[in-house]
$ cat data_14.txt   # compact mmCIF, C-alpha atoms
# COMPACT_ATOMS: atom_id res chain seq x y z
CA GLY Q 1 51.78 201.19 94.77
CA GLY Q 2 55.16 200.85 96.43
CA THR Q 3 53.81 198.85 99.33
CA GLY Q 4 56.23 195.98 98.75
CA GLY Q 5 54.03 193.29 97.33
CA GLU Q 6 51.40 190.90 98.59
CA ILE Q 7 51.02 187.24 99.49
CA GLY Q 8 49.75 186.10 96.10
CA PRO Q 9 48.65 182.48 95.59
CA ALA Q 10 50.44 181.15 98.68
CA GLN Q 11 48.16 179.21 101.02
CA ARG Q 12 50.41 179.58 104.03
CA PHE Q 13 52.43 182.47 105.47
CA THR Q 14 53.97 183.76 108.67
CA ILE Q 15 53.56 187.08 110.47
CA SER Q 16 56.51 188.30 112.49
CA GLY Q 17 57.46 191.52 114.25
CA CYS Q 18 55.05 194.00 115.89
CA LYS Q 19 56.28 196.28 118.66
CA HIS Q 20 53.06 196.11 120.68
CA ASP Q 21 53.25 193.95 123.83
CA VAL Q 22 49.66 192.73 123.73
CA VAL Q 23 48.86 192.58 120.02
CA GLY Q 24 52.25 191.23 118.91
CA PRO Q 25 51.96 187.75 120.44
CA ILE Q 26 48.37 187.46 119.18
CA ILE Q 27 49.08 188.19 115.52
CA ARG Q 28 52.50 186.53 115.24
CA GLY Q 29 52.43 183.00 113.86
CA GLU Q 30 51.58 180.83 110.90
CA PHE Q 31 48.41 181.38 108.90
CA VAL Q 32 46.70 179.06 106.43
CA LEU Q 33 44.03 179.68 103.82
CA ALA Q 34 40.54 179.30 105.32
CA GLY Q 35 37.74 180.32 102.98
CA SER Q 36 37.07 183.83 101.72
CA ASN Q 37 35.20 187.04 102.47
CA HIS Q 38 33.97 189.86 100.21
CA GLY Q 39 35.55 188.12 97.23
CA LYS Q 40 39.08 187.78 98.60
CA PRO Q 41 40.76 184.94 100.50
CA ALA Q 42 40.63 184.69 104.29
CA TYR Q 43 43.22 183.04 106.52
CA LYS Q 44 43.28 181.49 109.99
CA LYS Q 45 46.19 181.30 112.40
CA GLU Q 46 47.33 177.80 113.28
CA SER Q 47 47.15 177.80 117.06
CA GLY Q 48 46.87 175.57 120.08
CA SER Q 49 43.46 174.71 121.50
CA ASN Q 50 43.81 177.21 124.35
CA GLU Q 51 44.87 180.08 122.12
CA LEU Q 52 42.73 182.76 120.55
CA VAL Q 53 41.28 182.29 117.09
CA VAL Q 54 42.99 184.79 114.77
CA MET Q 55 41.58 185.46 111.30
CA ILE Q 56 42.84 187.68 108.48
CA TYR Q 57 40.12 188.78 106.10
CA PHE Q 58 39.15 191.48 103.62
CA TRP Q 59 36.25 193.88 104.11
CA ASP Q 60 35.08 196.06 101.23
CA ASN Q 61 33.89 199.65 101.54
CA ARG Q 62 30.19 198.85 102.09
CA ASP Q 63 30.56 200.28 105.61
CA GLY Q 64 32.67 203.26 104.54
CA GLU Q 65 36.33 203.68 103.65
CA ALA Q 66 37.49 203.57 107.29
CA ASN Q 67 36.17 200.02 107.61
CA ALA Q 68 37.60 198.80 104.31
CA GLY Q 69 40.80 196.87 103.80
CA TRP Q 70 42.44 193.86 105.43
CA TRP Q 71 41.70 193.08 109.08
CA ILE Q 72 43.17 190.81 111.74
CA GLY Q 73 40.62 189.78 114.35
CA PRO Q 74 38.97 186.83 116.14
CA GLN Q 75 36.13 186.54 113.65
CA ILE Q 76 35.29 187.75 110.16
CA GLY Q 77 33.39 191.02 110.40
CA GLY Q 78 33.56 191.09 114.20
CA ASN Q 79 33.70 194.25 116.28
CA MET Q 80 37.02 193.33 117.86
CA VAL Q 81 40.13 193.72 115.72
CA TRP Q 82 43.84 193.62 116.41
CA GLY Q 83 45.30 194.76 113.11
CA HIS Q 84 44.39 196.60 109.93
CA HIS Q 85 45.81 197.33 106.49
CA PRO Q 86 43.89 200.01 104.55
CA SER Q 87 44.79 198.65 101.10
CA GLN Q 88 41.73 197.76 99.02
CA ASN Q 89 43.48 197.08 95.73
CA THR Q 90 45.50 193.96 96.62
CA ALA Q 91 43.93 190.59 95.85
CA THR Q 92 45.68 189.05 98.87
CA PRO Q 93 47.07 190.49 102.14
CA PRO Q 94 49.99 192.93 101.71
CA LEU Q 95 53.43 191.97 103.04
CA THR Q 96 54.17 195.23 104.86
CA GLY Q 97 52.44 198.36 106.11
CA TRP Q 98 50.22 196.75 108.77
CA GLN Q 99 48.77 198.68 111.68
CA ALA Q 100 48.61 196.72 114.92
CA PRO Q 101 46.90 197.80 117.08
CA HIS Q 102 44.56 198.87 114.29
CA SER Q 103 44.32 202.48 115.53
CA ALA Q 104 48.10 202.94 115.58
CA PRO Q 105 50.26 204.13 112.68
CA ALA Q 106 51.73 201.42 110.44
CA ASP Q 107 54.36 199.35 112.26
CA PRO Q 108 57.38 198.78 109.98
CA THR Q 109 58.49 195.77 112.07
CA ILE Q 110 55.41 193.74 111.09
CA VAL Q 111 56.39 191.55 108.15
CA VAL Q 112 54.41 188.87 106.33
CA THR Q 113 56.63 186.09 104.97
CA VAL Q 114 55.47 183.46 102.51
CA GLN Q 115 56.80 179.98 103.34
CA GLY Q 116 59.72 178.83 101.26
CA THR Q 117 60.03 182.21 99.56
CA ARG Q 118 62.02 184.18 102.08
CA LEU Q 119 63.98 185.79 99.25
CA ALA Q 120 60.98 186.37 97.03
CA ALA Q 121 60.87 190.10 97.67
CA MET Q 122 64.42 190.49 96.42
CA GLY Q 123 64.78 187.94 93.65
CA GLY Q 124 61.25 187.33 92.40
CA MET Q 125 61.99 183.60 92.55
CA GLN Q 126 58.65 182.78 94.13
CA GLN Q 127 57.12 180.88 91.22
CA GLN Q 128 58.61 177.49 91.84
CA PRO Q 129 58.07 176.67 95.52
CA GLN Q 130 54.50 177.87 95.34
CA VAL Q 131 53.63 175.66 92.40
CA GLN Q 132 54.80 172.58 94.28
CA GLN Q 133 52.92 173.66 97.36
CA HIS Q 134 49.79 174.03 95.32
CA THR Q 135 49.66 170.45 94.11
CA LYS Q 136 50.47 169.09 97.56
CA GLN Q 137 47.68 170.87 99.33
CA GLN Q 138 45.01 170.77 96.70
CA GLN Q 139 43.29 167.69 98.11
CA GLN Q 140 42.20 169.37 101.36
CA GLN Q 141 41.23 172.61 99.74
CA PRO Q 142 37.72 171.94 98.34
CA GLN Q 143 36.74 170.21 101.54
CA GLN Q 144 37.75 173.18 103.66
CA GLN Q 145 35.68 175.50 101.57
CA TRP Q 146 32.76 173.11 101.79
CA GLN Q 147 32.97 173.13 105.57
CA GLN Q 148 33.00 176.92 105.57
CA GLN Q 149 29.76 177.01 103.65
CA GLN Q 150 28.06 174.48 105.90
CA GLN Q 151 28.53 176.58 109.02
$ encode --input "data_14.txt" --output "structure tokens"
Amino acid sequence: GGTGGEIGPAQRFTISGCKHDVVGPIIRGEFVLAGSNHGKPAYKKESGSNELVVMIYFWDNRDGEANAGWWIGPQIGGNMVWGHHPSQNTATPPLTGWQAPHSAPADPTIVVTVQGTRLAAMGGMQQQPQVQQHTKQQQQQPQQQWQQQQQ
């Protein structure tokens, strides 16, 4: 589809934009890979200790099409959500087309940016920085997943 791409293998990305006064500050920020849900990666916002926990995760259509897609909320599968993207066919979160609040129409100002690949959408140059990132962060990765499973 012409949705403008998805995050891909990046383990870190930033959300910017959002016209909504309440939801905007909650969802804006840096996210890092944090486990998975329904077979696709999940991400957690890096935040201060007094800030809300913000997760991005995928939910399949087991609860109906309206509940499927990518969600932004305080916990995976929770009742409270701040943002939604109805796409079910991307392996990772889409870069554009997010709804926040989740009941609103898509907000074109919400943009997901992969670190170090600001020009990726235009030039398709994203291969290199991501490969380097991969090797740097690989050490922590298995441990994080292990912690997820222990909980």
$ residues_around --input "data_14.txt" --residues "Gln75 in chain Q" --least-positions-apart "2" --cutoff "8 Å" --atoms "all atoms listed in the file" --output "PyMOL selection string"
chain Q and resi 53-55+73+77-78
$ residues_around --input "data_14.txt" --residues "His85 in chain Q" --least-positions-apart "3" --cutoff "10 Å" --atoms "only C-alpha atoms" --output "MDAnalysis selection string"
chainID Q and resid 58 68:72 88 93:100 102 106
$ atom_distance --input "data_14.txt" --atom1 "CA of Gly8 in chain Q" --atom2 "CA of Pro74 in chain Q"
22.8 Å
$ closest_residue --input "data_14.txt" --among "Q:Glu65, Q:Asp107, Q:Leu52, Q:Thr92" --to "Arg12 in chain Q" --atoms "all atoms listed in the file"
Q:Thr92
$ atom_distance --input "data_14.txt" --atom1 "CA of Ile27 in chain Q" --atom2 "CA of Ile110 in chain Q"
9.5 Å
$ closest_residue --input "data_14.txt" --among "Q:Ala91, Q:Thr14, Q:Asn61, Q:His20" --to "Glu46 in chain Q" --atoms "all atoms listed in the file"
Q:Thr14
$ closest_residue --input "data_14.txt" --among "Q:Pro86, Q:Pro108, Q:Gly48, Q:Gly64" --to "Gly17 in chain Q" --atoms "only C-alpha atoms"
Q:Pro108
$ residues_near_point --input "data_14.txt" --point "(50.6, 183.3, 119.4)" --cutoff "8 Å" --atoms "all atoms listed in the file" --output "list in words"
Pro25, Ile26, Ile27, Arg28, Gly29, Ser47, Glu51 and Leu52 of chain Q
$ atom_distance --input "data_14.txt" --atom1 "CA of Pro9 in chain Q" --atom2 "CA of Asp63 in chain Q"
27.3 Å
$ closest_residue --input "data_14.txt" --among "Q:Thr90, Q:Asn79, Q:Ser49, Q:Gln11" --to "Val32 in chain Q" --atoms "only C-alpha atoms"
Q:Gln11
$ build_atoms --input "data_14.txt" --residues "range 7-35 of chain Q" --atoms "N, CA and C atoms" --output "JSON list (two decimals), keeping the file's coordinate frame"
[["chain", "number", "residue", "atom", "x", "y", "z"],
["Q", 7, "ILE", "N", 50.80, 188.67, 99.31],
["Q", 7, "ILE", "CA", 51.02, 187.24, 99.49],
["Q", 7, "ILE", "C", 50.89, 186.47, 98.18],
["Q", 8, "GLY", "N", 49.93, 186.82, 97.35],
["Q", 8, "GLY", "CA", 49.75, 186.10, 96.10],
["Q", 8, "GLY", "C", 49.08, 184.75, 96.36],
["Q", 9, "PRO", "N", 49.38, 183.75, 95.52],
["Q", 9, "PRO", "CA", 48.65, 182.48, 95.59],
["Q", 9, "PRO", "C", 49.03, 181.59, 96.78],
["Q", 10, "ALA", "N", 50.00, 182.01, 97.58],
["Q", 10, "ALA", "CA", 50.44, 181.15, 98.68],
["Q", 10, "ALA", "C", 49.27, 180.84, 99.62],
["Q", 11, "GLN", "N", 49.23, 179.61, 100.12],
["Q", 11, "GLN", "CA", 48.16, 179.21, 101.02],
["Q", 11, "GLN", "C", 48.62, 179.23, 102.47],
["Q", 12, "ARG", "N", 49.85, 179.62, 102.68],
["Q", 12, "ARG", "CA", 50.41, 179.58, 104.03],
["Q", 12, "ARG", "C", 51.44, 180.70, 104.15],
["Q", 13, "PHE", "N", 51.44, 181.41, 105.27],
["Q", 13, "PHE", "CA", 52.43, 182.47, 105.47],
["Q", 13, "PHE", "C", 52.61, 182.72, 106.96],
["Q", 14, "THR", "N", 53.63, 183.47, 107.28],
["Q", 14, "THR", "CA", 53.97, 183.76, 108.67],
["Q", 14, "THR", "C", 53.95, 185.26, 108.90],
["Q", 15, "ILE", "N", 53.45, 185.67, 110.06],
["Q", 15, "ILE", "CA", 53.56, 187.08, 110.47],
["Q", 15, "ILE", "C", 54.58, 187.16, 111.58],
["Q", 16, "SER", "N", 55.52, 188.08, 111.45],
["Q", 16, "SER", "CA", 56.51, 188.30, 112.49],
["Q", 16, "SER", "C", 56.61, 189.79, 112.78],
["Q", 17, "GLY", "N", 57.31, 190.12, 113.88],
["Q", 17, "GLY", "CA", 57.46, 191.52, 114.25],
["Q", 17, "GLY", "C", 56.31, 191.99, 115.12],
["Q", 18, "CYS", "N", 56.07, 193.29, 115.11],
["Q", 18, "CYS", "CA", 55.05, 194.00, 115.89],
["Q", 18, "CYS", "C", 55.63, 194.41, 117.24],
["Q", 19, "LYS", "N", 55.68, 195.73, 117.45],
["Q", 19, "LYS", "CA", 56.28, 196.28, 118.66],
["Q", 19, "LYS", "C", 55.34, 196.24, 119.85],
["Q", 20, "HIS", "N", 54.05, 196.01, 119.61],
["Q", 20, "HIS", "CA", 53.06, 196.11, 120.68],
["Q", 20, "HIS", "C", 53.07, 194.86, 121.57],
["Q", 21, "ASP", "N", 53.11, 195.07, 122.89],
["Q", 21, "ASP", "CA", 53.25, 193.95, 123.83],
["Q", 21, "ASP", "C", 52.05, 193.01, 123.84],
["Q", 22, "VAL", "N", 50.88, 193.56, 123.65],
["Q", 22, "VAL", "CA", 49.66, 192.73, 123.73],
["Q", 22, "VAL", "C", 49.31, 192.15, 122.36],
["Q", 23, "VAL", "N", 49.29, 193.01, 121.34],
["Q", 23, "VAL", "CA", 48.86, 192.58, 120.02],
["Q", 23, "VAL", "C", 49.90, 191.69, 119.34],
["Q", 24, "GLY", "N", 51.18, 191.98, 119.57],
["Q", 24, "GLY", "CA", 52.25, 191.23, 118.91],
["Q", 24, "GLY", "C", 52.11, 189.72, 119.03],
["Q", 25, "PRO", "N", 52.05, 189.21, 120.28],
["Q", 25, "PRO", "CA", 51.96, 187.75, 120.44],
["Q", 25, "PRO", "C", 50.68, 187.16, 119.83],
["Q", 26, "ILE", "N", 49.63, 187.96, 119.74],
["Q", 26, "ILE", "CA", 48.37, 187.46, 119.18],
["Q", 26, "ILE", "C", 48.50, 187.27, 117.67],
["Q", 27, "ILE", "N", 49.08, 188.26, 116.99],
["Q", 27, "ILE", "CA", 49.08, 188.19, 115.52],
["Q", 27, "ILE", "C", 50.27, 187.44, 114.95],
["Q", 28, "ARG", "N", 51.34, 187.26, 115.75],
["Q", 28, "ARG", "CA", 52.50, 186.53, 115.24],
["Q", 28, "ARG", "C", 52.17, 185.05, 115.11],
["Q", 29, "GLY", "N", 52.64, 184.44, 114.02],
["Q", 29, "GLY", "CA", 52.43, 183.00, 113.86],
["Q", 29, "GLY", "C", 52.21, 182.62, 112.42],
["Q", 30, "GLU", "N", 51.83, 181.36, 112.24],
["Q", 30, "GLU", "CA", 51.58, 180.83, 110.90],
["Q", 30, "GLU", "C", 50.11, 180.86, 110.58],
["Q", 31, "PHE", "N", 49.80, 181.31, 109.36],
["Q", 31, "PHE", "CA", 48.41, 181.38, 108.90],
["Q", 31, "PHE", "C", 48.22, 180.48, 107.70],
["Q", 32, "VAL", "N", 47.02, 179.89, 107.59],
["Q", 32, "VAL", "CA", 46.70, 179.06, 106.43],
["Q", 32, "VAL", "C", 45.38, 179.52, 105.83],
["Q", 33, "LEU", "N", 45.23, 179.29, 104.54],
["Q", 33, "LEU", "CA", 44.03, 179.68, 103.82],
["Q", 33, "LEU", "C", 42.80, 179.03, 104.46],
["Q", 34, "ALA", "N", 41.74, 179.81, 104.65],
["Q", 34, "ALA", "CA", 40.54, 179.30, 105.32],
["Q", 34, "ALA", "C", 39.31, 180.01, 104.78],
["Q", 35, "GLY", "N", 38.95, 179.72, 103.53],
["Q", 35, "GLY", "CA", 37.74, 180.32, 102.98],
["Q", 35, "GLY", "C", 37.99, 181.69, 102.39]]
